[in-house]
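Below is one structure, written out as structure tokens; comments come after it.
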Amino acid sequence: MNTSGGAQKTIISVYVVLPPQTLLLDVAGPLEVLRYANQQQNDISFDCHFIASGETQSTTIGLTLAGLETLPNELPDNAMVLISGSSSVTPPGAGLESDITRERRALADWLRSTVRDDTVIISICSGALIAAQAGLFDRHQCTTHTDCISELRRIAPLAQVLENRLFVEDGKRFSSAGISTGIDLLLHIVSGLTTPMVAAHIAQTMVVYLRRSGQDPQISPWLSGRNHIHPSIHKAQDAIMAAPAEEWSLPQLAGRSGLSQRHLSRLFREHTGMSVVDYVNLMRVNLARDLISNSRLDMESVAERSGFASTRHLRRVWSEHNSHSPSHYRSHLS
């Protein structure tokens with residue numbers, strides 16, 4: 001990670017490791033999250049490098065990836081290394097299986113010798129097997145695709161392998177179950193590095209659910225009331241999501257959406273199924289939930305930063321949208 005000081009953005013170097021028979025969905029989905037993250041905020045820039053043992057790499061669909069960078073001799077400060085999944089089946093005409101096995105072992109050797117204490121490891125699907133072969137999950141929790149769980153346990157007897165998980169975070173080690181969950185994991189990472197609202201916008205743009213952990217509902221609460229295509233209502237919702245804690249008045253939102261107050265109120269309820277006030281409160285509850293899950297702020301500070309008049313007000317609105325108390329999320333995710 002390179003920082004330039006002042007108001008300039010932080011640059012995070014991301015090295016995408018492409019093993020033989022790369023699963024393109026394991027690469028394209030997560031990297032699209034980073035591409036949109038670069039577009040939708042100005043604080044962090046993800047500088048992505050696609051690396052392999054050679055200048056080209058095979059994929060499971062027969063498409064050859066070209067123009068790849070070779071494995072670097074060293075990594076910059078706080079770099080991210082994302083390891084794509086791949087197929088263990090040797091394609092027709094690809095040569096001996098030992099050639100693919102040898103290349104995967106070489107990637108594991110490179111990881112073992114190059115990864116630093118400050119390097120963030122992100123494995124997608126069976127990419128966890130290469131990371132495990134390098135010893136990167138020793139004494140860490142991790143997961144992988146259900147078909148690879150037994151192999152991961154065999155390769156990494158010192159790791160705590162978790163089943164039936166979308167993704168697992170343990171310090172600087174991140175692992176996902178495969179394919180679409182790689183998108184979930186990168187949304188989670190981007191949410192932590194930027195803001196939950198940025199991740200929610202990316203999820204909406206990619207037309208995917210936003211999942212923050214295995215305990216969260218499948219449909220992100222940040223996307224509630226967004227299942228419509230009315231552009232004026234989206235403008236009002238975008239304004240609220242960008243700053244839920246602000247004192248949003250109906251005249252302000254009517255101005256943002258280009259509608260009269262009466263027309264906005266009617267269309268908002270028609271298209272979202274809730275009133276403007278209820279939507280503002282829901283977004284504030286979502287913000288409060290993220291603050292509780294990711295900080296040690298007391299409830300009074302959480303209420304203030306979320307736009308609630310008091311902790312009593314927060315708890316009253318909270319109970320309308322959550323079956324668990326605020327303390328559940330703090331104790332469970334801490």
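If you're wondering about the labels, chains in the structure tokens are A, B, ... by order shown, residues count from 1 in each chain, ligands from 1 in order shown.
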
12 Å contact set for Arg284 of chain A, only C-alpha atoms, chain neighbours under 5 positions out, as a PyMOL selection string | chain A and resi 197+221-222+240-248+277-279+289-291+302-309+313-315+317-318+321

Using C-alpha atoms, can you export the residues from the last selection as a PDB file, in the first residue's frame?
```pdb
ATOM      1  CA  MET A 197     -22.563   2.674   1.229  1.00  0.00           C
ATOM      2  CA  PRO A 221     -30.610  -4.315   4.283  1.00  0.00           C
ATOM      3  CA  TRP A 222     -28.830  -1.488   2.446  1.00  0.00           C
ATOM      4  CA  ILE A 240     -30.184   9.380   1.863  1.00  0.00           C
ATOM      5  CA  MET A 241     -27.811   6.396   1.535  1.00  0.00           C
ATOM      6  CA  ALA A 242     -24.804   8.682   1.028  1.00  0.00           C
ATOM      7  CA  ALA A 243     -25.462  10.441   4.365  1.00  0.00           C
ATOM      8  CA  PRO A 244     -28.117   8.648   6.461  1.00  0.00           C
ATOM      9  CA  ALA A 245     -27.374  10.700   9.580  1.00  0.00           C
ATOM     10  CA  GLU A 246     -28.268  14.028   7.995  1.00  0.00           C
ATOM     11  CA  GLU A 247     -31.537  15.774   8.847  1.00  0.00           C
ATOM     12  CA  TRP A 248     -33.417  14.921   5.680  1.00  0.00           C
ATOM     13  CA  VAL A 277     -39.449   8.807   6.997  1.00  0.00           C
ATOM     14  CA  ASP A 278     -39.466   5.020   7.350  1.00  0.00           C
ATOM     15  CA  TYR A 279     -36.788   4.701   4.667  1.00  0.00           C
ATOM     16  CA  ARG A 289     -25.617  -1.786  12.781  1.00  0.00           C
ATOM     17  CA  ASP A 290     -22.364  -1.323  10.860  1.00  0.00           C
ATOM     18  CA  LEU A 291     -20.987   1.008  13.531  1.00  0.00           C
ATOM     19  CA  VAL A 302     -23.691   5.216  17.757  1.00  0.00           C
ATOM     20  CA  ALA A 303     -27.086   6.884  18.024  1.00  0.00           C
ATOM     21  CA  GLU A 304     -25.581  10.343  17.479  1.00  0.00           C
ATOM     22  CA  ARG A 305     -23.494   9.285  14.462  1.00  0.00           C
ATOM     23  CA  SER A 306     -26.459   7.456  12.940  1.00  0.00           C
ATOM     24  CA  GLY A 307     -28.751  10.463  13.129  1.00  0.00           C
ATOM     25  CA  PHE A 308     -30.999   9.372  15.993  1.00  0.00           C
ATOM     26  CA  ALA A 309     -32.106  11.848  18.634  1.00  0.00           C
ATOM     27  CA  HIS A 313     -35.018   6.513  19.736  1.00  0.00           C
ATOM     28  CA  LEU A 314     -32.405   4.211  18.167  1.00  0.00           C
ATOM     29  CA  ARG A 315     -33.583   1.177  20.136  1.00  0.00           C
ATOM     30  CA  VAL A 317     -36.575   2.031  15.542  1.00  0.00           C
ATOM     31  CA  TRP A 318     -34.031  -0.800  15.761  1.00  0.00           C
ATOM     32  CA  HIS A 321     -36.171  -3.975  11.790  1.00  0.00           C
TER      33      HIS A 321
END
```

List every residue of segment 58-182 of chain A that DSSP, applied to the backbone of this structure, places in strand (DSSP E or B), and write the result as a list of chain:residue names.
-> A:Thr59, A:Leu65, A:Glu69, A:Thr70, A:Met80, A:Val81, A:Leu82, A:Ile83, A:Ser86, A:Val120, A:Ile121, A:Ile122, A:Ser123, A:Gln141, A:Cys142, A:Gln160, A:Val161, A:Phe167, A:Val168, A:Glu169, A:Asp170, A:Arg173, A:Phe174, A:Ser175, A:Ser176

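Restricting the calculation to only C-alpha atoms, the smallest distance between His201 of chain A and any of A:Ser150, A:Val33, A:Glu169, A:Ser123 is found for A:Val33.
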
Would you kindly return, as a PyMOL selection string, each protein, DNA or RNA residue with an atom no farther than 10 Å from any atom of Ile189 of chain A, considering only C-alpha atoms and excluding same-chain residues fewer than 2 positions away?
-> chain A and resi 33-34+122+169+174+183-187+191-196+199+212

Run DSSP on the backbone of this structure and report the residues of segment 145-257 of chain A it assigns to helix (DSSP H, G or I), as a VMD selection string.
-> chain A and resid 146 to 155 180 to 193 196 to 206 221 to 223 231 to 242 250 to 257

Give me the residues near Asn38 of chain A as a PDB file with N, CA and C atoms, in the first residue's frame, where near means some atom within 12 Å (using only C-alpha atoms) and where sequence neighbours in that chain fewer than 2 positions away do not count.
```
ATOM      1  N   LYS A   9      -5.063  10.098  -2.644  1.00  0.00           N
ATOM      2  CA  LYS A   9      -5.638   8.799  -2.319  1.00  0.00           C
ATOM      3  C   LYS A   9      -4.570   7.776  -1.953  1.00  0.00           C
ATOM      4  N   THR A  10      -5.004   6.765  -1.240  1.00  0.00           N
ATOM      5  CA  THR A  10      -4.153   5.631  -0.905  1.00  0.00           C
ATOM      6  C   THR A  10      -4.192   4.628  -2.047  1.00  0.00           C
ATOM      7  N   ILE A  11      -3.045   4.148  -2.469  1.00  0.00           N
ATOM      8  CA  ILE A  11      -2.967   3.163  -3.555  1.00  0.00           C
ATOM      9  C   ILE A  11      -2.638   1.803  -2.958  1.00  0.00           C
ATOM     10  N   ILE A  12      -3.501   0.836  -3.203  1.00  0.00           N
ATOM     11  CA  ILE A  12      -3.292  -0.527  -2.731  1.00  0.00           C
ATOM     12  C   ILE A  12      -2.933  -1.403  -3.921  1.00  0.00           C
ATOM     13  N   LEU A  31     -12.750  -8.881  -9.348  1.00  0.00           N
ATOM     14  CA  LEU A  31     -12.034  -7.731  -9.892  1.00  0.00           C
ATOM     15  C   LEU A  31     -12.984  -6.649 -10.399  1.00  0.00           C
ATOM     16  N   GLU A  32     -14.187  -7.031 -10.808  1.00  0.00           N
ATOM     17  CA  GLU A  32     -15.181  -6.014 -11.155  1.00  0.00           C
ATOM     18  C   GLU A  32     -15.555  -5.193  -9.923  1.00  0.00           C
ATOM     19  N   VAL A  33     -15.609  -5.840  -8.758  1.00  0.00           N
ATOM     20  CA  VAL A  33     -15.877  -5.107  -7.517  1.00  0.00           C
ATOM     21  C   VAL A  33     -14.816  -4.037  -7.306  1.00  0.00           C
ATOM     22  N   LEU A  34     -13.551  -4.384  -7.514  1.00  0.00           N
ATOM     23  CA  LEU A  34     -12.474  -3.418  -7.326  1.00  0.00           C
ATOM     24  C   LEU A  34     -12.520  -2.324  -8.387  1.00  0.00           C
ATOM     25  N   ARG A  35     -12.896  -2.677  -9.607  1.00  0.00           N
ATOM     26  CA  ARG A  35     -12.993  -1.667 -10.666  1.00  0.00           C
ATOM     27  C   ARG A  35     -14.066  -0.632 -10.323  1.00  0.00           C
ATOM     28  N   TYR A  36     -15.221  -1.110  -9.892  1.00  0.00           N
ATOM     29  CA  TYR A  36     -16.283  -0.181  -9.509  1.00  0.00           C
ATOM     30  C   TYR A  36     -15.892   0.628  -8.274  1.00  0.00           C
ATOM     31  N   GLN A  40     -16.177   4.722  -7.790  1.00  0.00           N
ATOM     32  CA  GLN A  40     -17.221   5.276  -6.940  1.00  0.00           C
ATOM     33  C   GLN A  40     -16.711   5.986  -5.692  1.00  0.00           C
ATOM     34  N   GLN A  41     -15.413   6.065  -5.504  1.00  0.00           N
ATOM     35  CA  GLN A  41     -14.868   6.830  -4.382  1.00  0.00           C
ATOM     36  C   GLN A  41     -13.446   7.262  -4.718  1.00  0.00           C
ATOM     37  N   ASN A  42     -12.945   8.238  -3.993  1.00  0.00           N
ATOM     38  CA  ASN A  42     -11.659   8.844  -4.331  1.00  0.00           C
ATOM     39  C   ASN A  42     -10.592   8.685  -3.249  1.00  0.00           C
ATOM     40  N   ASP A  43     -10.894   7.931  -2.197  1.00  0.00           N
ATOM     41  CA  ASP A  43      -9.934   7.798  -1.100  1.00  0.00           C
ATOM     42  C   ASP A  43      -8.920   6.690  -1.340  1.00  0.00           C
ATOM     43  N   ILE A  44      -9.362   5.603  -1.995  1.00  0.00           N
ATOM     44  CA  ILE A  44      -8.508   4.435  -2.206  1.00  0.00           C
ATOM     45  C   ILE A  44      -8.542   4.048  -3.675  1.00  0.00           C
ATOM     46  N   SER A  45      -7.382   3.683  -4.207  1.00  0.00           N
ATOM     47  CA  SER A  45      -7.292   3.170  -5.575  1.00  0.00           C
ATOM     48  C   SER A  45      -6.662   1.783  -5.544  1.00  0.00           C
ATOM     49  N   PHE A  46      -7.326   0.824  -6.152  1.00  0.00           N
ATOM     50  CA  PHE A  46      -6.803  -0.542  -6.236  1.00  0.00           C
ATOM     51  C   PHE A  46      -6.035  -0.682  -7.552  1.00  0.00           C
ATOM     52  N   ASP A  47      -4.736  -0.900  -7.440  1.00  0.00           N
ATOM     53  CA  ASP A  47      -3.846  -1.022  -8.597  1.00  0.00           C
ATOM     54  C   ASP A  47      -3.608  -2.509  -8.848  1.00  0.00           C
ATOM     55  N   CYS A  48      -4.276  -3.057  -9.861  1.00  0.00           N
ATOM     56  CA  CYS A  48      -4.317  -4.508 -10.050  1.00  0.00           C
ATOM     57  C   CYS A  48      -3.276  -5.002 -11.049  1.00  0.00           C
ATOM     58  N   VAL A 190     -14.123  -4.300   0.465  1.00  0.00           N
ATOM     59  CA  VAL A 190     -14.284  -2.912   0.031  1.00  0.00           C
ATOM     60  C   VAL A 190     -15.101  -2.129   1.049  1.00  0.00           C
ATOM     61  N   LEU A 193     -12.779  -1.124   3.822  1.00  0.00           N
ATOM     62  CA  LEU A 193     -11.736  -0.168   3.448  1.00  0.00           C
ATOM     63  C   LEU A 193     -12.306   1.194   3.060  1.00  0.00           C
ATOM     64  N   THR A 194     -13.540   1.217   2.572  1.00  0.00           N
ATOM     65  CA  THR A 194     -14.173   2.476   2.176  1.00  0.00           C
ATOM     66  C   THR A 194     -15.343   2.734   3.120  1.00  0.00           C
ATOM     67  N   VAL A 198     -20.562   2.586  -0.187  1.00  0.00           N
ATOM     68  CA  VAL A 198     -19.858   2.341  -1.437  1.00  0.00           C
ATOM     69  C   VAL A 198     -20.075   0.896  -1.884  1.00  0.00           C
ATOM     70  N   ALA A 199     -19.936  -0.051  -0.953  1.00  0.00           N
ATOM     71  CA  ALA A 199     -20.144  -1.463  -1.287  1.00  0.00           C
ATOM     72  C   ALA A 199     -21.575  -1.710  -1.736  1.00  0.00           C
ATOM     73  N   ILE A 202     -21.975  -0.598  -5.273  1.00  0.00           N
ATOM     74  CA  ILE A 202     -21.346  -1.552  -6.191  1.00  0.00           C
ATOM     75  C   ILE A 202     -22.240  -2.767  -6.379  1.00  0.00           C
TER      76      ILE A 202
END
```
